[in-house]
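Everything below belongs to structure.cif, which stores mmCIF, C-alpha atoms and all ligand atoms.
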```
data_upload
loop_
_atom_site.label_atom_id
_atom_site.label_comp_id
_atom_site.auth_asym_id
_atom_site.auth_seq_id
_atom_site.Cartn_x
_atom_site.Cartn_y
_atom_site.Cartn_z
CA MET A 1 0.00 0.00 0.00
CA TYR A 2 1.34 3.40 -1.00
CA HIS A 3 1.33 6.47 1.23
CA PRO A 4 -2.28 7.43 2.11
CA ALA A 5 -1.68 10.99 0.89
CA LEU A 6 0.02 10.06 -2.41
CA PHE A 7 -2.90 11.38 -4.48
CA LYS A 8 -4.33 13.85 -1.96
CA GLY A 9 -6.21 16.65 -3.71
CA MET A 10 -6.00 14.93 -7.09
CA ASN A 11 -8.90 14.22 -9.43
CA VAL A 12 -8.90 10.76 -10.97
CA VAL A 13 -11.22 9.10 -13.50
CA VAL A 14 -11.27 5.30 -13.76
CA THR A 15 -13.42 3.66 -16.44
CA GLY A 16 -14.75 0.14 -15.98
CA ALA A 17 -14.50 0.55 -12.20
CA GLY A 18 -17.63 -1.40 -11.27
CA ARG A 19 -15.77 -4.68 -10.89
CA GLY A 20 -12.54 -6.52 -11.58
CA ILE A 21 -9.31 -4.62 -12.12
CA GLY A 22 -10.93 -1.18 -12.40
CA LEU A 23 -12.77 -1.54 -9.09
CA GLU A 24 -9.53 -2.36 -7.26
CA VAL A 25 -7.73 0.52 -9.01
CA ALA A 26 -10.48 2.92 -7.87
CA ARG A 27 -10.26 1.52 -4.32
CA GLN A 28 -6.50 2.01 -4.13
CA PHE A 29 -6.69 5.59 -5.51
CA LEU A 30 -9.32 6.37 -2.85
CA ASP A 31 -7.10 4.80 -0.18
CA CYS A 32 -4.33 7.16 -1.30
CA GLY A 33 -6.43 10.31 -0.91
CA ALA A 34 -7.70 10.91 -4.46
CA ARG A 35 -11.15 12.13 -5.49
CA VAL A 36 -12.31 9.45 -7.90
CA LEU A 37 -14.97 9.53 -10.56
CA ALA A 38 -15.64 5.83 -10.96
CA HIS A 39 -17.29 4.85 -14.21
CA VAL A 40 -18.96 1.70 -12.93
CA GLY A 41 -19.86 0.25 -16.31
CA ARG A 42 -23.06 0.19 -18.33
CA THR A 43 -25.47 0.47 -15.43
CA LEU A 44 -25.49 1.79 -11.89
CA SER A 45 -26.51 -1.27 -9.89
CA ASP A 46 -27.89 -1.07 -6.35
CA VAL A 47 -25.37 -3.67 -5.22
CA ARG A 48 -21.99 -2.00 -4.73
CA PRO A 49 -19.00 -2.54 -2.48
CA ASP A 50 -19.39 -0.61 0.79
CA PHE A 51 -16.20 1.37 0.27
CA LEU A 52 -17.58 2.99 -2.89
CA ASP A 53 -20.84 4.02 -1.20
CA LEU A 54 -18.91 5.29 1.82
CA ALA A 55 -16.54 7.35 -0.33
CA ALA A 56 -19.48 8.65 -2.38
CA GLY A 57 -21.24 9.70 0.83
CA GLU A 58 -18.12 11.61 1.87
CA GLY A 59 -17.88 13.36 -1.51
CA ARG A 60 -14.61 11.56 -2.40
CA ALA A 61 -16.13 9.29 -5.03
CA PHE A 62 -18.60 10.02 -7.80
CA LEU A 63 -20.28 7.06 -9.45
CA SER A 64 -21.36 7.19 -13.05
CA ALA A 65 -22.66 4.73 -15.64
CA ALA A 66 -22.37 4.91 -19.43
CA ASP A 67 -22.59 2.32 -22.18
CA PHE A 68 -19.62 2.89 -24.49
CA LEU A 69 -21.43 0.95 -27.22
CA ALA A 70 -24.42 3.29 -27.22
CA PRO A 71 -24.38 6.40 -29.42
CA GLY A 72 -23.07 9.29 -27.31
CA GLY A 73 -22.14 6.90 -24.46
CA VAL A 74 -18.55 8.07 -24.02
CA GLU A 75 -19.55 11.73 -24.38
CA SER A 76 -22.16 11.35 -21.65
CA LEU A 77 -19.41 10.16 -19.27
CA ALA A 78 -17.14 13.01 -20.39
CA GLU A 79 -19.93 15.48 -19.63
CA GLU A 80 -20.33 13.96 -16.16
CA VAL A 81 -16.58 14.39 -15.52
CA ARG A 82 -16.74 18.05 -16.64
CA SER A 83 -19.64 18.64 -14.28
CA ARG A 84 -17.64 17.25 -11.31
CA PHE A 85 -14.05 18.35 -11.99
CA ASP A 86 -12.58 21.59 -13.29
CA ARG A 87 -9.26 19.82 -13.87
CA LEU A 88 -8.15 16.20 -14.19
CA ASP A 89 -4.87 14.76 -12.89
CA VAL A 90 -5.23 11.07 -13.82
CA LEU A 91 -7.25 9.30 -16.50
CA VAL A 92 -7.38 5.50 -16.39
CA ASN A 93 -8.96 4.04 -19.54
CA ASN A 94 -9.76 0.53 -18.37
CA ALA A 95 -13.30 -0.38 -19.52
CA GLY A 96 -13.28 -3.15 -22.06
CA THR A 97 -13.75 -6.83 -22.60
CA MET A 98 -13.30 -9.60 -25.12
CA VAL A 99 -17.04 -9.68 -25.94
CA GLY A 100 -16.69 -13.32 -27.05
CA ARG A 101 -14.43 -15.77 -28.84
CA PHE A 102 -15.02 -15.58 -32.56
CA PRO A 103 -13.34 -17.86 -35.12
CA ALA A 104 -11.98 -15.58 -37.86
CA ALA A 105 -14.15 -17.02 -40.64
CA ASP A 106 -17.39 -16.67 -38.67
CA LEU A 107 -16.88 -13.18 -37.28
CA THR A 108 -19.81 -10.93 -38.22
CA ASP A 109 -19.50 -7.22 -39.07
CA ASP A 110 -21.46 -6.45 -35.94
CA GLU A 111 -19.16 -8.45 -33.66
CA TYR A 112 -16.11 -6.83 -35.24
CA ARG A 113 -17.50 -3.31 -34.79
CA THR A 114 -18.53 -4.02 -31.19
CA ILE A 115 -15.08 -5.23 -30.13
CA VAL A 116 -13.35 -2.31 -31.86
CA GLN A 117 -15.77 0.34 -30.52
CA LEU A 118 -15.48 -0.88 -26.94
CA ASN A 119 -11.76 -1.61 -26.65
CA GLN A 120 -10.26 0.83 -29.12
CA THR A 121 -12.51 3.67 -30.27
CA SER A 122 -13.85 4.44 -26.80
CA VAL A 123 -10.27 4.95 -25.54
CA VAL A 124 -9.58 7.45 -28.32
CA GLU A 125 -12.89 9.23 -27.71
CA MET A 126 -12.45 9.42 -23.92
CA THR A 127 -8.84 10.58 -24.18
CA ARG A 128 -9.74 13.30 -26.70
CA ALA A 129 -12.63 14.47 -24.53
CA MET A 130 -10.48 14.61 -21.37
CA LEU A 131 -7.42 16.37 -22.80
CA PRO A 132 -8.66 19.92 -22.08
CA LEU A 133 -9.16 18.98 -18.41
CA LEU A 134 -5.88 17.04 -18.24
CA ARG A 135 -4.04 20.12 -19.54
CA LYS A 136 -5.20 21.93 -16.39
CA GLY A 137 -4.07 19.06 -14.11
CA THR A 138 -1.02 18.77 -11.86
CA TYR A 139 1.57 16.43 -13.39
CA PRO A 140 -1.20 14.81 -15.48
CA ALA A 141 -1.00 11.16 -16.41
CA ILE A 142 -2.97 8.77 -18.59
CA VAL A 143 -2.82 5.03 -17.84
CA ASN A 144 -4.44 2.68 -20.34
CA THR A 145 -5.26 -0.99 -19.82
CA VAL A 146 -3.97 -3.18 -22.63
CA SER A 147 -3.30 -6.92 -22.45
CA ILE A 148 -0.62 -9.57 -22.70
CA SER A 149 -2.45 -10.54 -25.91
CA ALA A 150 -1.35 -7.24 -27.51
CA ARG A 151 2.12 -8.83 -27.72
CA SER A 152 1.38 -12.55 -27.78
CA GLY A 153 -1.59 -12.33 -30.17
CA GLY A 154 -3.84 -14.01 -27.59
CA SER A 155 -5.56 -17.35 -27.89
CA ALA A 156 -8.02 -18.74 -30.43
CA GLY A 157 -11.01 -16.54 -31.17
CA SER A 158 -9.52 -13.39 -29.66
CA SER A 159 -7.77 -11.95 -32.72
CA ILE A 160 -9.75 -8.71 -32.97
CA TYR A 161 -9.69 -8.13 -29.20
CA SER A 162 -5.91 -8.68 -29.15
CA ALA A 163 -5.48 -6.32 -32.10
CA THR A 164 -7.48 -3.58 -30.36
CA LYS A 165 -5.19 -3.86 -27.33
CA ALA A 166 -2.15 -3.62 -29.62
CA PHE A 167 -3.75 -0.51 -31.14
CA VAL A 168 -4.14 1.08 -27.69
CA ALA A 169 -0.51 0.26 -26.82
CA ALA A 170 0.75 1.92 -30.03
CA TYR A 171 -1.67 4.85 -29.66
CA SER A 172 -0.39 5.38 -26.10
CA LYS A 173 3.24 5.42 -27.24
CA ALA A 174 2.49 7.98 -29.95
CA LEU A 175 0.49 10.11 -27.50
CA ALA A 176 3.31 9.94 -24.95
CA ARG A 177 5.64 11.59 -27.45
CA GLU A 178 3.01 14.11 -28.61
CA LEU A 179 1.98 15.18 -25.10
CA ALA A 180 5.39 15.11 -23.39
CA PRO A 181 6.08 18.79 -24.16
CA GLU A 182 2.93 19.62 -22.18
CA GLY A 183 4.06 17.46 -19.25
CA ILE A 184 1.37 14.80 -19.76
CA ARG A 185 2.69 11.26 -19.36
CA VAL A 186 1.02 8.29 -21.06
CA ASN A 187 1.67 4.66 -20.12
CA CYS A 188 -0.08 1.30 -20.20
CA VAL A 189 -0.63 -1.58 -17.81
CA SER A 190 -0.70 -4.93 -19.59
CA PRO A 191 -2.35 -7.59 -17.43
CA GLY A 192 -1.65 -11.27 -18.04
CA THR A 193 -4.31 -13.76 -16.92
CA ILE A 194 -6.16 -12.11 -14.07
CA THR A 195 -8.95 -13.84 -12.16
CA THR A 196 -11.93 -11.55 -12.68
CA ASP A 197 -15.38 -12.07 -14.21
CA PHE A 198 -13.59 -11.70 -17.55
CA HIS A 199 -12.24 -15.26 -17.52
CA ASP A 200 -15.41 -16.67 -15.94
CA ARG A 201 -17.01 -15.62 -19.22
CA TYR A 202 -14.33 -16.42 -21.79
CA SER A 203 -12.11 -19.25 -20.46
CA THR A 204 -12.84 -22.75 -19.23
CA PRO A 205 -11.39 -23.94 -15.88
CA GLU A 206 -9.20 -26.38 -17.87
CA LYS A 207 -7.79 -23.57 -20.01
CA LEU A 208 -7.08 -21.48 -16.91
CA GLU A 209 -5.35 -24.40 -15.18
CA ALA A 210 -3.16 -25.00 -18.24
CA THR A 211 -2.28 -21.30 -18.26
CA ARG A 212 -1.50 -21.36 -14.54
CA LYS A 213 0.98 -24.18 -15.07
CA SER A 214 2.77 -22.11 -17.71
CA ILE A 215 3.28 -19.10 -15.42
CA PRO A 216 6.73 -18.97 -13.78
CA LEU A 217 5.31 -17.54 -10.53
CA GLY A 218 2.91 -20.52 -10.45
CA ARG A 219 -0.42 -18.74 -10.10
CA LEU A 220 -2.93 -16.63 -11.99
CA GLY A 221 -2.96 -12.90 -11.23
CA THR A 222 -5.44 -10.88 -9.21
CA ALA A 223 -6.81 -7.35 -9.45
CA GLU A 224 -4.76 -6.62 -6.30
CA ASP A 225 -1.60 -7.59 -8.22
CA CYS A 226 -2.48 -5.10 -10.98
CA ALA A 227 -3.77 -2.01 -9.17
CA PRO A 228 -0.48 -0.80 -7.59
CA VAL A 229 1.06 -0.68 -11.06
CA TYR A 230 -1.62 1.79 -12.20
CA LEU A 231 -0.93 3.97 -9.16
CA PHE A 232 2.81 3.76 -9.79
CA LEU A 233 2.40 4.91 -13.40
CA ALA A 234 -0.05 7.66 -12.39
CA SER A 235 2.21 9.15 -9.72
CA HIS A 236 4.69 11.85 -10.69
CA ALA A 237 6.60 11.15 -7.46
CA LEU A 238 7.01 7.45 -8.30
CA SER A 239 7.33 7.43 -12.10
CA GLY A 240 7.79 11.04 -13.23
CA TYR A 241 10.48 10.06 -15.75
CA VAL A 242 8.48 7.15 -17.23
CA THR A 243 6.35 7.71 -20.33
CA GLY A 244 5.40 5.75 -23.43
CA GLN A 245 5.87 2.41 -21.65
CA VAL A 246 3.83 -0.76 -21.37
CA LEU A 247 4.28 -2.46 -18.01
CA GLU A 248 3.56 -6.18 -18.14
CA VAL A 249 1.89 -7.66 -15.02
CA ASN A 250 1.75 -11.38 -15.65
CA GLY A 251 3.81 -13.43 -13.18
CA GLY A 252 6.38 -14.04 -15.90
CA GLN A 253 3.83 -15.49 -18.37
CA LEU A 254 5.52 -13.37 -21.05
CA ILE A 255 9.20 -12.64 -20.68
CA ALA A 256 10.65 -10.94 -23.75
N1 LIG B 1 -8.88 -10.25 -16.65
C1 LIG B 1 -7.85 -10.43 -17.44
O1 LIG B 1 -7.20 -11.47 -17.45
C2 LIG B 1 -7.42 -9.32 -18.37
C3 LIG B 1 -6.21 -9.51 -19.07
C4 LIG B 1 -5.77 -8.51 -19.91
C5 LIG B 1 -6.49 -7.34 -20.05
N2 LIG B 1 -7.67 -7.18 -19.38
C6 LIG B 1 -8.38 -5.93 -19.55
O2 LIG B 1 -8.55 -5.33 -18.28
C7 LIG B 1 -9.69 -4.49 -18.30
C8 LIG B 1 -10.59 -4.82 -17.12
O3 LIG B 1 -10.97 -6.17 -17.25
P1 LIG B 1 -11.48 -7.06 -16.03
O4 LIG B 1 -10.77 -8.33 -16.07
O5 LIG B 1 -11.50 -6.26 -14.79
O6 LIG B 1 -12.93 -7.37 -16.62
P2 LIG B 1 -14.39 -7.19 -16.10
O7 LIG B 1 -14.43 -7.67 -14.67
O8 LIG B 1 -15.20 -7.85 -17.12
O9 LIG B 1 -14.62 -5.60 -16.13
C9 LIG B 1 -14.76 -4.93 -17.35
C10 LIG B 1 -15.28 -3.52 -17.08
O10 LIG B 1 -15.54 -2.90 -18.36
C11 LIG B 1 -16.89 -2.46 -18.37
N3 LIG B 1 -17.58 -2.56 -19.67
C12 LIG B 1 -17.82 -3.67 -20.39
N4 LIG B 1 -18.59 -3.38 -21.46
C13 LIG B 1 -18.85 -2.04 -21.39
C14 LIG B 1 -19.59 -1.14 -22.18
N5 LIG B 1 -20.26 -1.54 -23.27
N6 LIG B 1 -19.63 0.16 -21.82
C15 LIG B 1 -18.99 0.59 -20.72
N7 LIG B 1 -18.27 -0.22 -19.91
C16 LIG B 1 -18.20 -1.52 -20.25
C17 LIG B 1 -17.61 -3.42 -17.42
O11 LIG B 1 -18.86 -2.88 -17.03
P3 LIG B 1 -20.19 -3.83 -16.97
O12 LIG B 1 -20.27 -4.25 -15.54
O13 LIG B 1 -21.31 -2.93 -17.42
O14 LIG B 1 -19.97 -4.98 -17.90
C18 LIG B 1 -16.58 -3.54 -16.30
O15 LIG B 1 -16.67 -2.46 -15.43
C19 LIG B 1 -10.35 -4.69 -19.66
O16 LIG B 1 -9.94 -3.64 -20.53
C20 LIG B 1 -9.77 -6.01 -20.14
O17 LIG B 1 -9.76 -6.11 -21.53
C21 LIG B 1 -8.14 -8.15 -18.53
#
```
For the structure just supplied, provide its representation as structure tokens.
Ligand SMILES: NC(=O)c1ccc[n+]([C@@H]2O[C@H](COP(=O)([O-])OP(=O)(O)OC[C@H]3O[C@@H](n4cnc5c(N)ncnc54)[C@H](OP(=O)(O)O)[C@@H]3O)[C@@H](O)[C@H]2O)c1
Amino acid sequence: MYHPALFKGMNVVVTGAGRGIGLEVARQFLDCGARVLAHVGRTLSDVRPDFLDLAAGEGRAFLSAADFLAPGGVESLAEEVRSRFDRLDVLVNNAGTMVGRFPAADLTDDEYRTIVQLNQTSVVEMTRAMLPLLRKGTYPAIVNTVSISARSGGSAGSSIYSATKAFVAAYSKALARELAPEGIRVNCVSPGTITTDFHDRYSTPEKLEATRKSIPLGRLGTAEDCAPVYLFLASHALSGYVTGQVLEVNGGQLIA
């Protein structure tokens, strides 16, 4: 756990913070003193972790829902951020998912567009919308979630998803160079195989066990393994000279 005042007074947006990796990232930013606008996903459910409700009650967290696949979905979240914050210090673009496993020959136009809109286009749209606020931030940083599959290509049926993550990694590197003169750093966290709802949906227990055996550290990852890396990359004090990098968090699953 980092210092409880590491992000004191800072405004942070985390997308896809209703569960999994994003939820833990939001929790750790809150624990370190940030004000967090947590985009909880497509809908604002009544069932939420207590810490989010507590922080919301204290005015430290703002909860917002937006479907990034709906027309105007990303812009509605951007508008919510503008209504809460007059400047932004950290943007974490994390919302995304595989959508499904689609053999290349069977992939429909609709499936293709859905995967690209959610994992790729929404990141570009959200980043563009947040840049005016980030320019007013203190040591602003963008941290994007990519995936081990951006480098490995992923497993069967995930070709478009893996390609969207590779797009975000390359986009982030280009942005890092473009925005460096303004003092905005851009980096990525690349999770390996992390036990969240994601794999409950897209991987069988047998596949996960085979993956586990291939990981040098001998276990699958957790959201708690990933979140500190987001905070590290978001903090000027901890990583102020790091930009344009993709930090792999995978227990050694990919060593290159
Ligand atoms: N778990 C892994 O092994 C792994 C590995 C590499 C990369 N990643 C990446 O890590 C990120 C977080 O994944 P996770 O494992 O924490 O998965 P998760 O538990 O499935 O969480 C995904 C988040 O994205 C949101 N989301 C999905 N569809 C959306 C939509 N149409 N509009 C807005 N938000 C939407 C979800 O909200 P809802 O509740 O509304 O669905 C949820 O908050 C994703 O970008 C994923 O691709 C995960």
- With all atoms listed in the file as the atoms that count, which of A:Leu247, A:Leu233, A:Leu54, A:Ala5 lies nearest to ligand LIG 1 (chain B)?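 Selected residue with least distance to ligand LIG 1 (chain B): A:Leu247.
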Around all the atoms of ligand LIG 1 (chain B) listed in the file, with 8 Å of room on each side, what axis-aligned box do you get, giving centre and edge lengths in Å to one decimal, as lines of an AutoDock Vina configuration file?
```
center_x = -13.5
center_y = -5.4
center_z = -19.0
size_x = 31.5
size_y = 28.1
size_z = 24.6
```
- Item | Contacts with ligand LIG 1 (chain B) at most 6 Å, only C-alpha atoms and all ligand atoms counted, listed as a ChimeraX atom specification | /A:16-22,40-43,66-69,94-97,145-148,191-198
Where does segment 46-159 of chain A meet segment 8-12 of chain A within 9 Å, residue by residue, with the nearest atom pair and distance in Å to one decimal for each, counting all atoms listed in the file, listed by chain and rising number, as CSV?
```
residue,atom,partner,partner_atom,distance
A:Phe85,CA,A:Asn11,CA,7.1
A:Arg87,CA,A:Asn11,CA,7.2
A:Leu88,CA,A:Asn11,CA,5.2
A:Asp89,CA,A:Asn11,CA,5.3
A:Val90,CA,A:Val12,CA,4.7
A:Leu91,CA,A:Val12,CA,6.0
A:Val92,CA,A:Val12,CA,7.7
A:Gly137,CA,A:Asn11,CA,8.3
A:Thr138,CA,A:Met10,CA,7.9
```
Take the residues just selected and output them with C-alpha atoms as a PDB file, in the coordinates of the input.
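Output saved as out.pdb:
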```pdb
ATOM      1  CA  PHE A  85     -14.050  18.350 -11.990  1.00  0.00           C
ATOM      2  CA  ARG A  87      -9.260  19.820 -13.870  1.00  0.00           C
ATOM      3  CA  LEU A  88      -8.150  16.200 -14.190  1.00  0.00           C
ATOM      4  CA  ASP A  89      -4.870  14.760 -12.890  1.00  0.00           C
ATOM      5  CA  VAL A  90      -5.230  11.070 -13.820  1.00  0.00           C
ATOM      6  CA  LEU A  91      -7.250   9.300 -16.500  1.00  0.00           C
ATOM      7  CA  VAL A  92      -7.380   5.500 -16.390  1.00  0.00           C
ATOM      8  CA  GLY A 137      -4.070  19.060 -14.110  1.00  0.00           C
ATOM      9  CA  THR A 138      -1.020  18.770 -11.860  1.00  0.00           C
TER      10      THR A 138
END
```
- Item | From A:Leu220, A:Leu52, A:Leu6, A:Leu44, residue lying nearest Gln253 of chain A [all atoms listed in the file] | A:Leu220
- Please provide as a VMD selection string all residues within 10 Å of segment 108-119 of chain A, with the sequence filter that same-chain residues fewer than 4 positions apart are discarded (counting only C-alpha atoms). chain A and resid 67 to 70 74 93 to 104 123 to 125 145 to 146 158 160 to 165 167 to 168
- Atomic separation - atom CA of Ser64 of chain A relative to atom CA of Leu37 of chain A, Å: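 Straight-line distance from atom CA of Leu37 of chain A to atom CA of Ser64 of chain A works out to 7.2 Å.
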- Item | Pick from A:Ala78, A:Val36, A:Ala105, A:Ala169, whichever lies nearest to Leu131 of chain A using all atoms listed in the file |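 Of the candidates, the smallest distance to Leu131 of chain A is held by A:Ala78.
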- Message: Using all atoms listed in the file, which protein or nucleic acid residues come within 12 Å of Ser235 of chain A? Drop anything in the same chain fewer than 4 positions from it, and give the result as a PyMOL selection string.
- Response: chain A and resi 2-3+5-8+10+12+29+32+34+89-91+138-143+184-187+228-231+239-243
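The interatomic distance for the pair atom CA of Thr222 of chain A and atom CA of Asn250 of chain A works out to 9.7 Å.
Coordinates place atom CA of Glu248 of chain A at a distance of 19.3 Å from atom CA of Val14 of chain A.
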- Using all atoms listed in the file, find the one residue out of A:Arg27, A:Lys213, A:His39, A:His236 that sits nearest to Met126 of chain A. A:His39
- For Glu182 of chain A, which residue out of A:Lys136, A:Glu224, A:Pro205, A:Ala170 is the nearest one, using all atoms listed in the file? A:Lys136
- Note on the structure: With distances taken over all atoms listed in the file, the candidate from A:Pro49, A:Gly251, A:Pro132, A:Gly72 nearest Gly221 of chain A is A:Gly251
Please complete segment 17-38 of chain A with N, CA, C and O atoms and give it back as a short mmCIF file (atom, residue, chain, number, x, y, z; two decimals), in the frame of the given file.
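What landed in result17.cif:
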```cif
data_model
loop_
_atom_site.label_atom_id
_atom_site.label_comp_id
_atom_site.auth_asym_id
_atom_site.auth_seq_id
_atom_site.Cartn_x
_atom_site.Cartn_y
_atom_site.Cartn_z
N ALA A 17 -14.88 0.69 -13.62
CA ALA A 17 -14.50 0.55 -12.20
C ALA A 17 -15.60 -0.10 -11.37
O ALA A 17 -15.56 -0.02 -10.14
N GLY A 18 -16.55 -0.76 -12.01
CA GLY A 18 -17.63 -1.40 -11.27
C GLY A 18 -17.24 -2.76 -10.75
O GLY A 18 -17.86 -3.31 -9.84
N ARG A 19 -16.23 -3.35 -11.33
CA ARG A 19 -15.77 -4.68 -10.89
C ARG A 19 -14.37 -4.94 -11.42
O ARG A 19 -13.81 -4.12 -12.17
N GLY A 20 -13.83 -6.08 -11.04
CA GLY A 20 -12.54 -6.52 -11.58
C GLY A 20 -11.40 -5.56 -11.30
O GLY A 20 -11.31 -4.93 -10.23
N ILE A 21 -10.54 -5.41 -12.28
CA ILE A 21 -9.31 -4.62 -12.12
C ILE A 21 -9.65 -3.16 -11.82
O ILE A 21 -9.07 -2.55 -10.91
N GLY A 22 -10.60 -2.60 -12.57
CA GLY A 22 -10.93 -1.18 -12.40
C GLY A 22 -11.45 -0.85 -11.02
O GLY A 22 -11.13 0.20 -10.45
N LEU A 23 -12.23 -1.75 -10.45
CA LEU A 23 -12.77 -1.54 -9.09
C LEU A 23 -11.63 -1.45 -8.07
O LEU A 23 -11.61 -0.57 -7.21
N GLU A 24 -10.66 -2.36 -8.20
CA GLU A 24 -9.53 -2.36 -7.26
C GLU A 24 -8.64 -1.12 -7.48
O GLU A 24 -8.12 -0.55 -6.52
N VAL A 25 -8.50 -0.70 -8.73
CA VAL A 25 -7.73 0.52 -9.01
C VAL A 25 -8.41 1.72 -8.35
O VAL A 25 -7.76 2.53 -7.68
N ALA A 26 -9.74 1.81 -8.50
CA ALA A 26 -10.48 2.92 -7.87
C ALA A 26 -10.30 2.87 -6.35
O ALA A 26 -10.07 3.89 -5.71
N ARG A 27 -10.38 1.66 -5.79
CA ARG A 27 -10.26 1.52 -4.32
C ARG A 27 -8.89 2.02 -3.86
O ARG A 27 -8.78 2.77 -2.88
N GLN A 28 -7.85 1.64 -4.58
CA GLN A 28 -6.50 2.01 -4.13
C GLN A 28 -6.24 3.51 -4.31
O GLN A 28 -5.54 4.12 -3.51
N PHE A 29 -6.81 4.13 -5.37
CA PHE A 29 -6.69 5.59 -5.51
C PHE A 29 -7.40 6.28 -4.34
O PHE A 29 -6.88 7.24 -3.78
N LEU A 30 -8.59 5.78 -3.98
CA LEU A 30 -9.32 6.37 -2.85
C LEU A 30 -8.51 6.22 -1.56
O LEU A 30 -8.41 7.16 -0.76
N ASP A 31 -7.90 5.04 -1.38
CA ASP A 31 -7.10 4.80 -0.18
C ASP A 31 -5.89 5.74 -0.11
O ASP A 31 -5.31 5.94 0.96
N CYS A 32 -5.49 6.26 -1.26
CA CYS A 32 -4.33 7.16 -1.30
C CYS A 32 -4.77 8.62 -1.43
O CYS A 32 -4.00 9.47 -1.91
N GLY A 33 -6.02 8.91 -1.07
CA GLY A 33 -6.43 10.31 -0.91
C GLY A 33 -7.02 10.98 -2.12
O GLY A 33 -7.36 12.17 -2.05
N ALA A 34 -7.17 10.26 -3.25
CA ALA A 34 -7.70 10.91 -4.46
C ALA A 34 -9.22 11.09 -4.37
O ALA A 34 -9.90 10.40 -3.62
N ARG A 35 -9.72 12.07 -5.16
CA ARG A 35 -11.15 12.13 -5.49
C ARG A 35 -11.31 11.32 -6.77
O ARG A 35 -10.58 11.58 -7.74
N VAL A 36 -12.22 10.38 -6.76
CA VAL A 36 -12.31 9.45 -7.90
C VAL A 36 -13.69 9.47 -8.53
O VAL A 36 -14.69 9.26 -7.84
N LEU A 37 -13.73 9.77 -9.82
CA LEU A 37 -14.97 9.53 -10.56
C LEU A 37 -14.87 8.12 -11.13
O LEU A 37 -14.04 7.85 -12.00
N ALA A 38 -15.68 7.23 -10.56
CA ALA A 38 -15.64 5.83 -10.96
C ALA A 38 -16.75 5.57 -11.97
O ALA A 38 -17.93 5.64 -11.63
#
```
